[in-house]
Amino acid sequence: MTYTRRFGVIKMQNAIKRYEDVDSWKTIIFLYTSALKEVETKLEILNDEFRHVHKYNPIEHIKTRIKTPESIVKKLKRNGYEASIENMVKYINDIAGVRLICSFTSDIYRLAEMIGNQSDLKVLTIKDYIKNPKESGYKSYHMLVSVPVFLSDSVVDTKVEIQIRTIAMDFWASLEHKIYYKFEGNAPEYISQDLRKCAQMVSELDEKMLSLNEAILACVEKEKDGKNS
Ligand code: 0O2
């Protein structure tokens with residue numbers, strides 16, 4: 001009998017009810033933090049395995065964060081929901097967030113495939129803002145997954161948003177995020193226009209770096225073949 005069959009998978013809302021004597025906010029943060037730890041470890045293992053087998057790191061670095069209460073409340077209000085524990089669990093998908101920064105766009109799709117193949121992760125949605133960038137110019141690959149958090153007498157499926165992007169995309173998104181908050185979403189048109197131009201430059205840079213890397217790898221292969229023959 002598997003662990004999940006023995007204890008049963010319960011929803012986040014029910015998990016909170018089980019801890020009625022404890023502050024629900026603290027319970028939620030405990031569950032999301034645990035899910036984040038699980039996903040982070042999983043990704044580190046995938047990266048280590050890849051390095052071990054292919055002598056190459058698809059992940060440059062991993063950042064994790066739990067959304068702040070202020071940001072959760074703002075997002076709920078922005079989407080027309082009242083600020084409540086129930087609504088945040090139901091409507092905010094990125095309370096637990098992992099960001100994977102890669103060198104090349106090809107690494108993004110390689111990682112997404114590896115994540116999709118993990119049997120204990122359920123991929124709930126995928127948003128490919130690389131193939132379909134946002135109007136702002138934002139590019140990134142988003143996967144919403146659910147991960148089982150194993151507790152003493154139950155298993156709670158918990159949502160984690162994984163954002164995968166290149167170093168250049170991350171550089172752009174960080175600045176755009178700062179500007180968005182500075183102007184509360186109403187940046188002057190010339191700034192938005194410049195940002196869109198920068199997004200185009202980021203895409204060109206990513207393409208150029210990818211083809212340069214492919215050229216370098218081809219040279220290395222050629223040299224190896226020369227030595228072996
Ligand atoms: P913050 O402050 O970064 O946390 P959904 O319910 O999933 O349909 P959601 O959550 O808006 O709606 O989905 P999406 O599009 O996957 O966006 C989730 C997060 O991606 C955002 O969280 C940002 O972190 C990032 N993101 C999305 N669009 C942009 C963008 O245009 N620019 C930048 N810089 N980041 C973006 P938050 O809560 O909006 O913001």
# chains A, B, ... in the order shown; residues from 1 in each chain; ligands from 1
>>> residues_near_ligand(ligand="ligand 1", cutoff="9 Å", atoms="only C-alpha atoms and all ligand atoms", output="VMD selection string")
chain A and resid 67 to 68 71 to 72 74 to 75 79 91 to 95 97 125 to 127 129 133 to 144 161 163 170 172 to 181
>>> residues_around(residues="segment 148-150 of chain A", least_positions_apart="2", cutoff="8 Å", atoms="only C-alpha atoms", output="PyMOL selection string")
chain A and resi 9+31+34-35+38+120-121+146+152+154-158
>>> write_last_selection(atoms="C-alpha atoms", output="compact mmCIF listing (two decimals), in the first residue's frame")
# COMPACT_ATOMS: atom_id res chain seq x y z
CA VAL A 9 -4.30 13.17 -0.12
CA LEU A 31 2.83 24.09 3.92
CA SER A 34 7.67 22.78 2.80
CA ALA A 35 6.53 22.46 -0.83
CA GLU A 38 10.80 19.79 -1.87
CA ASP A 120 5.46 12.97 -8.10
CA LEU A 121 4.90 16.44 -9.57
CA SER A 146 1.46 20.62 -7.41
CA SER A 152 2.65 12.77 9.90
CA SER A 154 -1.75 13.06 5.67
CA VAL A 155 -0.45 14.27 2.34
CA VAL A 156 -1.27 17.78 1.15
CA ASP A 157 -1.03 18.63 -2.55
CA THR A 158 0.50 22.10 -2.63
>>> select_by_dssp(residues="segment 70-148 of chain A", states="strand (DSSP E or B)", output="list of chain:residue names")
A:Ala96, A:Gly97, A:Val98, A:Arg99, A:Leu100, A:Ile101, A:Cys102, A:Lys122, A:Val123, A:Leu124, A:Thr125, A:Ile126, A:Lys127, A:Asp128, A:Tyr141, A:His142, A:Met143, A:Leu144, A:Val145, A:Ser146, A:Val147, A:Pro148
>>> select_by_dssp(residues="segment 94-227 of chain A", states="alpha helix (DSSP H)", output="NGL selection string")
:A and (105-116 or 167-182 or 189-227)
>>> write_last_selection(atoms="C-alpha atoms", output="PDB file, in the first residue's frame")
ATOM      1  CA  THR A 105      16.736  29.274 -24.150  1.00  0.00           C
ATOM      2  CA  SER A 106      17.381  25.635 -25.070  1.00  0.00           C
ATOM      3  CA  ASP A 107      18.063  24.941 -21.348  1.00  0.00           C
ATOM      4  CA  ILE A 108      14.590  26.263 -20.500  1.00  0.00           C
ATOM      5  CA  TYR A 109      12.796  23.670 -22.619  1.00  0.00           C
ATOM      6  CA  ARG A 110      15.182  20.916 -21.495  1.00  0.00           C
ATOM      7  CA  LEU A 111      14.404  21.747 -17.860  1.00  0.00           C
ATOM      8  CA  ALA A 112      10.667  22.017 -18.481  1.00  0.00           C
ATOM      9  CA  GLU A 113      10.726  18.534 -19.974  1.00  0.00           C
ATOM     10  CA  MET A 114      12.711  17.132 -17.035  1.00  0.00           C
ATOM     11  CA  ILE A 115      10.255  18.714 -14.578  1.00  0.00           C
ATOM     12  CA  GLY A 116       7.283  17.362 -16.532  1.00  0.00           C
ATOM     13  CA  ILE A 167      19.872  35.488 -17.399  1.00  0.00           C
ATOM     14  CA  ALA A 168      19.000  38.173 -19.960  1.00  0.00           C
ATOM     15  CA  MET A 169      15.224  37.668 -19.545  1.00  0.00           C
ATOM     16  CA  ASP A 170      15.678  37.837 -15.775  1.00  0.00           C
ATOM     17  CA  PHE A 171      17.662  41.085 -16.026  1.00  0.00           C
ATOM     18  CA  TRP A 172      14.861  42.618 -18.105  1.00  0.00           C
ATOM     19  CA  ALA A 173      12.054  41.328 -15.854  1.00  0.00           C
ATOM     20  CA  SER A 174      13.729  42.638 -12.674  1.00  0.00           C
ATOM     21  CA  LEU A 175      13.993  46.144 -14.063  1.00  0.00           C
ATOM     22  CA  GLU A 176      10.504  46.080 -15.549  1.00  0.00           C
ATOM     23  CA  HIS A 177       9.128  44.858 -12.200  1.00  0.00           C
ATOM     24  CA  LYS A 178      10.799  47.780 -10.389  1.00  0.00           C
ATOM     25  CA  ILE A 179       9.391  50.256 -12.912  1.00  0.00           C
ATOM     26  CA  TYR A 180       5.910  48.666 -12.737  1.00  0.00           C
ATOM     27  CA  TYR A 181       5.839  49.082  -8.950  1.00  0.00           C
ATOM     28  CA  LYS A 182       7.389  52.567  -9.077  1.00  0.00           C
ATOM     29  CA  GLU A 189       4.649  55.739 -22.572  1.00  0.00           C
ATOM     30  CA  TYR A 190       8.299  56.505 -23.497  1.00  0.00           C
ATOM     31  CA  ILE A 191       9.484  54.214 -20.666  1.00  0.00           C
ATOM     32  CA  SER A 192       7.161  51.372 -21.740  1.00  0.00           C
ATOM     33  CA  GLN A 193       8.336  51.828 -25.318  1.00  0.00           C
ATOM     34  CA  ASP A 194      12.015  51.729 -24.312  1.00  0.00           C
ATOM     35  CA  LEU A 195      11.323  48.609 -22.269  1.00  0.00           C
ATOM     36  CA  ARG A 196       9.733  46.907 -25.287  1.00  0.00           C
ATOM     37  CA  LYS A 197      12.810  47.822 -27.336  1.00  0.00           C
ATOM     38  CA  CYS A 198      15.044  46.362 -24.613  1.00  0.00           C
ATOM     39  CA  ALA A 199      12.927  43.179 -24.648  1.00  0.00           C
ATOM     40  CA  GLN A 200      13.648  42.890 -28.373  1.00  0.00           C
ATOM     41  CA  MET A 201      17.383  43.354 -27.686  1.00  0.00           C
ATOM     42  CA  VAL A 202      17.198  40.667 -24.982  1.00  0.00           C
ATOM     43  CA  SER A 203      15.648  38.231 -27.486  1.00  0.00           C
ATOM     44  CA  GLU A 204      18.347  39.008 -30.053  1.00  0.00           C
ATOM     45  CA  LEU A 205      21.075  38.599 -27.418  1.00  0.00           C
ATOM     46  CA  ASP A 206      19.629  35.239 -26.312  1.00  0.00           C
ATOM     47  CA  GLU A 207      19.502  34.003 -29.919  1.00  0.00           C
ATOM     48  CA  LYS A 208      23.064  35.179 -30.586  1.00  0.00           C
ATOM     49  CA  MET A 209      24.421  33.572 -27.397  1.00  0.00           C
ATOM     50  CA  LEU A 210      22.655  30.302 -28.223  1.00  0.00           C
ATOM     51  CA  SER A 211      24.099  30.136 -31.738  1.00  0.00           C
ATOM     52  CA  LEU A 212      27.574  31.087 -30.425  1.00  0.00           C
ATOM     53  CA  ASN A 213      27.367  28.296 -27.876  1.00  0.00           C
ATOM     54  CA  GLU A 214      26.319  25.838 -30.565  1.00  0.00           C
ATOM     55  CA  ALA A 215      29.286  26.935 -32.696  1.00  0.00           C
ATOM     56  CA  ILE A 216      31.662  26.438 -29.738  1.00  0.00           C
ATOM     57  CA  LEU A 217      30.241  22.949 -29.060  1.00  0.00           C
ATOM     58  CA  ALA A 218      30.631  22.031 -32.737  1.00  0.00           C
ATOM     59  CA  CYS A 219      34.316  23.100 -32.612  1.00  0.00           C
ATOM     60  CA  VAL A 220      34.893  21.019 -29.476  1.00  0.00           C
ATOM     61  CA  GLU A 221      33.282  17.958 -31.130  1.00  0.00           C
ATOM     62  CA  LYS A 222      35.406  18.444 -34.263  1.00  0.00           C
ATOM     63  CA  GLU A 223      38.577  18.634 -32.173  1.00  0.00           C
ATOM     64  CA  LYS A 224      37.582  15.468 -30.286  1.00  0.00           C
ATOM     65  CA  ASP A 225      36.936  13.603 -33.563  1.00  0.00           C
ATOM     66  CA  GLY A 226      40.311  14.792 -34.886  1.00  0.00           C
ATOM     67  CA  LYS A 227      42.075  13.443 -31.796  1.00  0.00           C
TER      68      LYS A 227
END
>>> atom_distance(atom1="atom CA of Asp128 of chain A", atom2="atom CA of Arg99 of chain A")
14.4 Å
>>> closest_residue(among="A:Leu124, A:Ile164, A:Phe30, A:Ala187", to="His61 of chain A", atoms="only C-alpha atoms")
A:Ile164
>>> atom_distance(atom1="atom CA of Lys37 of chain A", atom2="atom CA of Ile85 of chain A")
21.8 Å
>>> closest_residue(among="A:Ser229, A:Gln118, A:Val98, A:Gly185", to="Thr33 of chain A", atoms="only C-alpha atoms")
A:Val98
